[in-house]
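Structure file input-v4.cif (mmCIF, C-alpha atoms) is printed below.
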```cif
data_work
loop_
_atom_site.label_atom_id
_atom_site.label_comp_id
_atom_site.auth_asym_id
_atom_site.auth_seq_id
_atom_site.Cartn_x
_atom_site.Cartn_y
_atom_site.Cartn_z
CA MET A 1 21.74 -20.22 7.53
CA SER A 2 18.77 -18.80 5.60
CA ALA A 3 18.69 -15.19 4.38
CA PRO A 4 17.28 -12.69 6.89
CA ILE A 5 13.70 -11.44 6.58
CA ARG A 6 13.84 -8.13 4.73
CA VAL A 7 11.53 -5.51 6.31
CA PHE A 8 10.45 -2.04 5.17
CA LEU A 9 9.02 0.45 7.70
CA LEU A 10 6.44 3.15 6.96
CA ASP A 11 5.47 5.60 9.70
CA ASP A 12 5.29 9.40 9.66
CA HIS A 13 6.76 9.61 13.18
CA GLU A 14 10.55 9.32 13.19
CA ILE A 15 10.65 8.14 16.80
CA VAL A 16 8.31 5.25 15.95
CA ARG A 17 10.42 4.25 12.95
CA ARG A 18 13.58 4.44 15.03
CA GLY A 19 12.03 2.33 17.77
CA LEU A 20 10.87 -0.29 15.30
CA ALA A 21 14.25 -0.31 13.55
CA ASP A 22 16.05 -0.82 16.88
CA LEU A 23 13.62 -3.57 17.90
CA LEU A 24 13.91 -5.47 14.64
CA GLY A 25 17.63 -4.78 14.17
CA ALA A 26 18.34 -6.70 17.38
CA GLU A 27 16.97 -9.87 15.78
CA PRO A 28 19.58 -11.94 13.88
CA ASP A 29 17.05 -13.18 11.32
CA ILE A 30 15.53 -9.76 10.47
CA GLU A 31 17.02 -6.90 8.45
CA VAL A 32 15.43 -3.45 8.02
CA VAL A 33 16.17 -2.58 4.39
CA GLY A 34 14.41 0.79 4.20
CA GLU A 35 11.96 3.21 5.75
CA SER A 36 9.72 6.09 4.79
CA ALA A 37 7.61 8.82 6.40
CA SER A 38 5.08 9.19 3.56
CA ALA A 39 2.75 6.93 1.58
CA GLN A 40 3.87 8.19 -1.82
CA GLU A 41 7.55 7.73 -1.03
CA ALA A 42 6.85 4.22 0.23
CA ILE A 43 5.01 3.32 -2.98
CA ARG A 44 8.10 4.42 -4.93
CA ARG A 45 10.71 2.80 -2.70
CA ILE A 46 9.19 -0.55 -1.72
CA PRO A 47 9.32 -2.16 -5.19
CA ALA A 48 12.98 -1.16 -5.62
CA LEU A 49 13.98 -2.55 -2.21
CA SER A 50 11.86 -5.71 -2.58
CA PRO A 51 11.29 -6.44 1.13
CA ASP A 52 9.67 -9.65 2.33
CA VAL A 53 7.42 -7.72 4.71
CA ALA A 54 6.27 -4.09 4.71
CA VAL A 55 5.16 -2.79 8.12
CA LEU A 56 2.76 0.05 7.27
CA ASP A 57 1.31 2.78 9.48
CA GLY A 58 -2.49 2.85 9.25
CA ARG A 59 -2.83 6.64 8.84
CA LEU A 60 -0.45 9.10 7.21
CA PRO A 61 -0.64 12.76 6.20
CA ASP A 62 -0.72 11.84 2.50
CA GLY A 63 -2.77 8.65 2.62
CA SER A 64 -2.67 5.41 4.57
CA GLY A 65 -0.75 2.18 4.87
CA ILE A 66 -3.81 0.48 3.41
CA ASP A 67 -3.43 2.56 0.23
CA VAL A 68 0.23 1.54 0.05
CA CYS A 69 -0.66 -2.10 0.68
CA ARG A 70 -3.23 -2.09 -2.13
CA GLU A 71 -0.89 -0.38 -4.59
CA VAL A 72 2.15 -2.53 -3.83
CA ARG A 73 0.43 -5.91 -3.60
CA SER A 74 -1.52 -5.35 -6.82
CA ARG A 75 1.84 -5.32 -8.61
CA PHE A 76 4.04 -7.34 -6.27
CA PRO A 77 1.87 -9.93 -4.47
CA GLU A 78 4.97 -11.65 -3.09
CA ILE A 79 5.54 -8.68 -0.74
CA GLN A 80 3.57 -9.24 2.47
CA ALA A 81 2.01 -6.30 4.31
CA LEU A 82 1.34 -5.78 7.99
CA ILE A 83 -0.81 -2.78 8.97
CA LEU A 84 0.35 -1.30 12.28
CA THR A 85 -2.16 1.22 13.58
CA SER A 86 -3.35 3.11 16.64
CA TYR A 87 -6.99 2.77 15.60
CA ASP A 88 -9.24 -0.21 16.25
CA ASP A 89 -11.55 0.58 13.33
CA GLU A 90 -13.75 -2.08 11.70
CA ASP A 91 -14.00 -0.28 8.35
CA ALA A 92 -10.23 0.19 8.22
CA LEU A 93 -9.75 -3.48 9.10
CA PHE A 94 -12.17 -4.40 6.32
CA ALA A 95 -10.26 -2.21 3.86
CA ALA A 96 -6.95 -3.75 4.97
CA ILE A 97 -8.22 -7.25 4.30
CA MET A 98 -9.61 -6.22 0.92
CA ALA A 99 -6.24 -4.60 0.09
CA GLY A 100 -4.47 -7.90 0.73
CA ALA A 101 -2.86 -7.24 4.12
CA ALA A 102 -1.66 -10.33 5.98
CA GLY A 103 -2.14 -8.66 9.35
CA TYR A 104 -3.77 -5.71 11.11
CA VAL A 105 -2.33 -5.05 14.56
CA LEU A 106 -2.55 -2.22 17.05
CA LYS A 107 0.52 -0.25 18.12
CA GLN A 108 -0.09 -1.37 21.70
CA ILE A 109 1.24 -4.80 20.67
CA ARG A 110 4.23 -6.10 22.66
CA GLY A 111 7.54 -5.93 20.83
CA THR A 112 8.10 -9.68 21.04
CA ASP A 113 4.64 -10.32 19.59
CA LEU A 114 5.31 -7.93 16.70
CA VAL A 115 8.61 -9.66 15.91
CA ASP A 116 6.85 -13.03 16.01
CA GLY A 117 4.09 -11.64 13.78
CA ILE A 118 6.60 -10.43 11.18
CA ARG A 119 8.18 -13.89 11.11
CA ARG A 120 4.78 -15.51 10.64
CA VAL A 121 3.74 -13.10 7.89
CA ALA A 122 7.08 -13.63 6.10
CA ALA A 123 6.40 -17.38 6.22
CA GLY A 124 3.11 -16.85 4.42
CA GLN A 125 0.83 -17.06 7.44
CA SER A 126 -2.00 -14.65 8.27
CA LEU A 127 -2.32 -12.72 11.51
CA LEU A 128 -5.96 -11.97 10.79
CA ASP A 129 -8.53 -13.57 13.06
CA PRO A 130 -10.47 -16.19 11.04
CA GLY A 131 -13.75 -14.94 12.53
CA ILE A 132 -13.07 -11.38 11.41
CA THR A 133 -12.06 -12.54 7.94
CA ALA A 134 -15.28 -14.54 7.70
CA LYS A 135 -17.29 -11.44 8.65
CA VAL A 136 -15.56 -9.44 5.91
CA LEU A 137 -16.27 -12.15 3.34
CA GLU A 138 -19.92 -12.09 4.45
CA ARG A 139 -20.05 -8.34 3.79
CA VAL A 140 -18.66 -8.96 0.31
CA ARG A 141 -21.11 -11.81 -0.34
CA THR A 142 -24.15 -9.80 0.74
CA GLY A 143 -23.09 -6.74 -1.23
CA THR A 144 -22.85 -4.47 1.81
CA THR A 145 -19.20 -3.67 1.18
CA VAL A 146 -17.97 -0.10 1.05
CA ASP A 147 -15.20 1.14 -1.21
CA PRO A 148 -11.86 0.68 0.64
CA ARG A 149 -10.94 4.28 -0.13
CA LEU A 150 -13.80 5.38 2.12
CA ALA A 151 -12.37 3.60 5.16
CA ASP A 152 -10.47 6.64 6.41
CA LEU A 153 -13.46 9.00 6.20
CA SER A 154 -15.25 9.86 9.43
CA PRO A 155 -19.08 9.62 9.54
CA ARG A 156 -19.24 13.44 9.31
CA GLU A 157 -16.97 13.47 6.26
CA ARG A 158 -19.11 10.81 4.58
CA GLU A 159 -22.20 12.91 5.26
CA VAL A 160 -20.53 15.96 3.74
CA LEU A 161 -19.51 13.85 0.72
CA GLU A 162 -23.15 12.85 0.20
CA PHE A 163 -24.16 16.54 0.09
CA VAL A 164 -21.28 17.37 -2.25
CA THR A 165 -22.52 14.63 -4.57
CA GLU A 166 -25.94 16.31 -4.57
CA GLY A 167 -24.28 19.50 -5.80
CA LEU A 168 -24.76 21.54 -2.63
CA THR A 169 -22.46 24.47 -1.85
CA ASN A 170 -20.54 24.70 1.43
CA ARG A 171 -23.07 27.26 2.66
CA GLN A 172 -26.01 24.97 1.87
CA ILE A 173 -24.29 22.02 3.50
CA ALA A 174 -23.57 24.14 6.58
CA GLN A 175 -27.25 25.03 6.86
CA LYS A 176 -28.36 21.39 6.55
CA MET A 177 -25.79 20.12 9.07
CA GLN A 178 -26.14 23.17 11.35
CA LEU A 179 -22.42 23.86 11.19
CA ALA A 180 -20.28 26.89 10.45
CA GLU A 181 -19.45 27.28 6.76
CA LYS A 182 -15.72 27.26 7.62
CA THR A 183 -16.17 23.92 9.41
CA VAL A 184 -17.78 22.42 6.30
CA LYS A 185 -14.92 23.78 4.19
CA ASN A 186 -12.47 22.01 6.52
CA TYR A 187 -14.43 18.75 6.18
CA VAL A 188 -14.35 19.05 2.39
CA SER A 189 -10.60 19.70 2.40
CA ALA A 190 -10.02 16.74 4.71
CA LEU A 191 -12.08 14.27 2.71
CA LEU A 192 -10.48 15.38 -0.57
CA GLY A 193 -7.08 14.80 0.99
CA LYS A 194 -8.02 11.34 2.25
CA LEU A 195 -9.44 10.35 -1.15
CA GLY A 196 -6.39 11.71 -2.98
CA LEU A 197 -8.51 14.20 -4.95
CA GLU A 198 -8.07 17.91 -5.65
CA ARG A 199 -11.55 19.22 -6.52
CA ARG A 200 -15.04 18.66 -5.16
CA VAL A 201 -16.35 17.70 -8.61
CA GLN A 202 -13.90 14.77 -8.54
CA ALA A 203 -15.32 13.75 -5.17
CA ALA A 204 -18.86 13.87 -6.56
CA VAL A 205 -17.87 11.64 -9.48
CA PHE A 206 -16.08 9.26 -7.12
CA ALA A 207 -19.09 8.97 -4.78
CA THR A 208 -21.42 8.36 -7.72
CA GLU A 209 -19.17 5.54 -8.93
CA VAL A 210 -19.18 4.01 -5.43
CA HIS A 211 -22.99 4.10 -5.36
CA GLN A 212 -23.16 2.42 -8.76
CA ALA A 213 -20.68 -0.28 -7.76
CA HIS A 214 -22.27 -0.88 -4.33
CA PRO A 215 -25.89 0.31 -4.56
CA HIS A 216 -26.83 -1.35 -1.26
CA GLY A 217 -23.71 -0.42 0.66
CA PRO A 218 -23.28 2.59 2.91
CA LEU A 219 -21.27 5.57 1.77
#
```
Write the structure described by the file as C-alpha cells, please.
Amino acid sequence: MSAPIRVFLLDDHEIVRRGLADLLGAEPDIEVVGESASAQEAIRRIPALSPDVAVLDGRLPDGSGIDVCREVRSRFPEIQALILTSYDDEDALFAAIMAGAAGYVLKQIRGTDLVDGIRRVAAGQSLLDPGITAKVLERVRTGTTVDPRLADLSPREREVLEFVTEGLTNRQIAQKMQLAEKTVKNYVSALLGKLGLERRVQAAVFATEVHQAHPHGPL
C-alpha cells in the first residue's frame, strides 16, 4: 500500500479547518499533517512538514493563500498548492496561476469533489481549466499582466494607490475621490496591509516598480 497523501490546511476560520480535517481524515489514503490560521505561520510550517498538497485559503488577515503558494513553491516546487476561496475573482485566479497553484476552487465545492481534486493535484495533475490558463498566458504574452501582489486590492484601493504614488496627502486624495478623509485613511491602511508594507512611501515605490515592469498593464 502506497504512503498516504500528506495535506496541510491553511484557513483563518477554525470551523473550516476542522471541517476539512474531518472530511480528509475519513479518507484512508489522505493524512492531514498540519494546519495554520495565518499566512506567515504557514510559510514557516509547510517546509518543515513537507506535505504533498497544501490547501490554502484565498484571503487571510495577514496575506493570502496565493502569497503562501508563491513563497513555498519558489523554494519547494514539489509541494503542490490548491487555492480554496470564497471569491470568484479573475485577477486572483490569474495571480494563483502565476504563483504556481495547481488548482483554484470555490468553497462551494462538494466534499467528494474536493477530495478527488486533492488526489489529482497530488498525482501531478492540474485542476485549472485549460481555457482559463490559455487566457492567462495570453495576458502574459501581450504584456497586460498585473503584479500578482495587486490581486487582492479592490478597484478603490488601486485608485488610492495611484494617488499615493503621485505624492498626494490623504486630504487631497479625499477631495479628488469625494470621500471622507478618514475613509481614505482606511483605504491606505488596508492596501498597505494587503501589500505587506508599513509606510505609504513603500507603497509609492512598489507601484512605481510595477509601472516600470508592466508599463501597459493596469494598476
Query raised in the report: Smallest atom-to-atom distance to Glu41 in chain A: which of A:Ser154, A:Leu9, A:Val53, A:Arg18, using only C-alpha atoms?
Result: A:Leu9
**Report entry** Pick from A:Val68, A:Val121, A:Val55, A:Ile79, whichever lies nearest to Ile43 in chain A using all atoms listed in the file
**Finding:** A:Val68
Query - Which residue of A:Asp88, A:Leu197, A:Arg44, A:Ala99 approaches Cys69 in chain A most closely, using all atoms listed in the file - result: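 Looking at the shortest contact to Cys69 in chain A, the residue is A:Ala99.
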Query raised in the report: Using only C-alpha atoms, which residues sit within 12 Å of Ser126 in chain A once same-chain residues fewer than 6 positions away are excluded, as a count of residues only?
Result: 18
Requested in this report: Figure out the distance between CA of Thr183 in chain A and CA of Ala37 in chain A, please, to one decimal in Å.
Outcome: 28.3 Å
Report task. Would you work out the distance separating CA of Pro61 in chain A from CA of Thr85 in chain A, expressed in Å to one decimal? Result ->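 Taking CA of Pro61 in chain A as the start and CA of Thr85 in chain A as the end point, the length is 13.8 Å.
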Query - Selection near Ala48 in chain A, 12 Å with only C-alpha atoms, sequence-local residues under 2 positions removed, as a PyMOL selection string - result: chain A and resi 8+33-34+41-46+50-51+72+76+79
4 Å per side around range 162-169 of chain A: axis-aligned box centre and edge lengths, as JSON:
```
{"center_x": -23.6, "center_y": 18.7, "center_z": -2.8, "size_x": 12.7, "size_y": 19.6, "size_z": 14.0}
```
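Closest to Gly63 in chain A among A:Lys194, A:Arg199, A:Lys182, A:Lys107 is A:Lys194, based on all atoms listed in the file.
For the atom pair formed by CA of Leu168 in chain A and CA of Leu195 in chain A, the distance is 19.0 Å, given to one decimal.
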Query raised in the report: When distances are computed from all atoms listed in the file, which of A:Arg200, A:His13, A:Ser189, A:Glu27 shows the smallest separation from Glu162 in chain A?
Result: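 Nearest to Glu162 in chain A: A:Arg200.
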Query raised in the report: Using the chain letters and numbers from the file, which residues does the PyMOL selection byres ((chain A and resi 165) around 12) grab, as a list of chain:residue names?
Result: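 Evaluating the PyMOL selection byres ((chain A and resi 165) around 12) on this file yields A:Arg158, A:Glu159, A:Val160, A:Leu161, A:Glu162, A:Phe163, A:Val164, A:Glu166, A:Gly167, A:Leu168, A:Thr169, A:Asn170, A:Ile173, A:Val188, A:Arg200, A:Val201, A:Gln202, A:Ala203, A:Ala204, A:Val205, A:Phe206, A:Ala207, A:Thr208, A:Glu209, A:Val210, A:His211, A:Leu219.
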**Report entry** Residue nearest Ala92 in chain A among A:Asp57, A:Glu78, A:Asp12, A:Glu35 (counting all atoms listed in the file)
**Finding:**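 Counting all atoms listed in the file, the residue closest to Ala92 in chain A is A:Asp57.
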Query raised in the report: If we count all atoms listed in the file, what is near Arg171 in chain A at a cut-off of 10 Å, once residues fewer than 6 positions away on the same chain are taken out, given as JSON, numbers by chain?
Result: {"A": [177, 179, 180, 181, 182, 184, 185]}
Based on the selection just made, write C-alpha atoms of those residues as a PDB file, keeping the file's coordinate frame.
```
ATOM      1  CA  MET A 177     -25.790  20.120   9.070  1.00  0.00           C
ATOM      2  CA  LEU A 179     -22.420  23.860  11.190  1.00  0.00           C
ATOM      3  CA  ALA A 180     -20.280  26.890  10.450  1.00  0.00           C
ATOM      4  CA  GLU A 181     -19.450  27.280   6.760  1.00  0.00           C
ATOM      5  CA  LYS A 182     -15.720  27.260   7.620  1.00  0.00           C
ATOM      6  CA  VAL A 184     -17.780  22.420   6.300  1.00  0.00           C
ATOM      7  CA  LYS A 185     -14.920  23.780   4.190  1.00  0.00           C
TER       8      LYS A 185
END
```
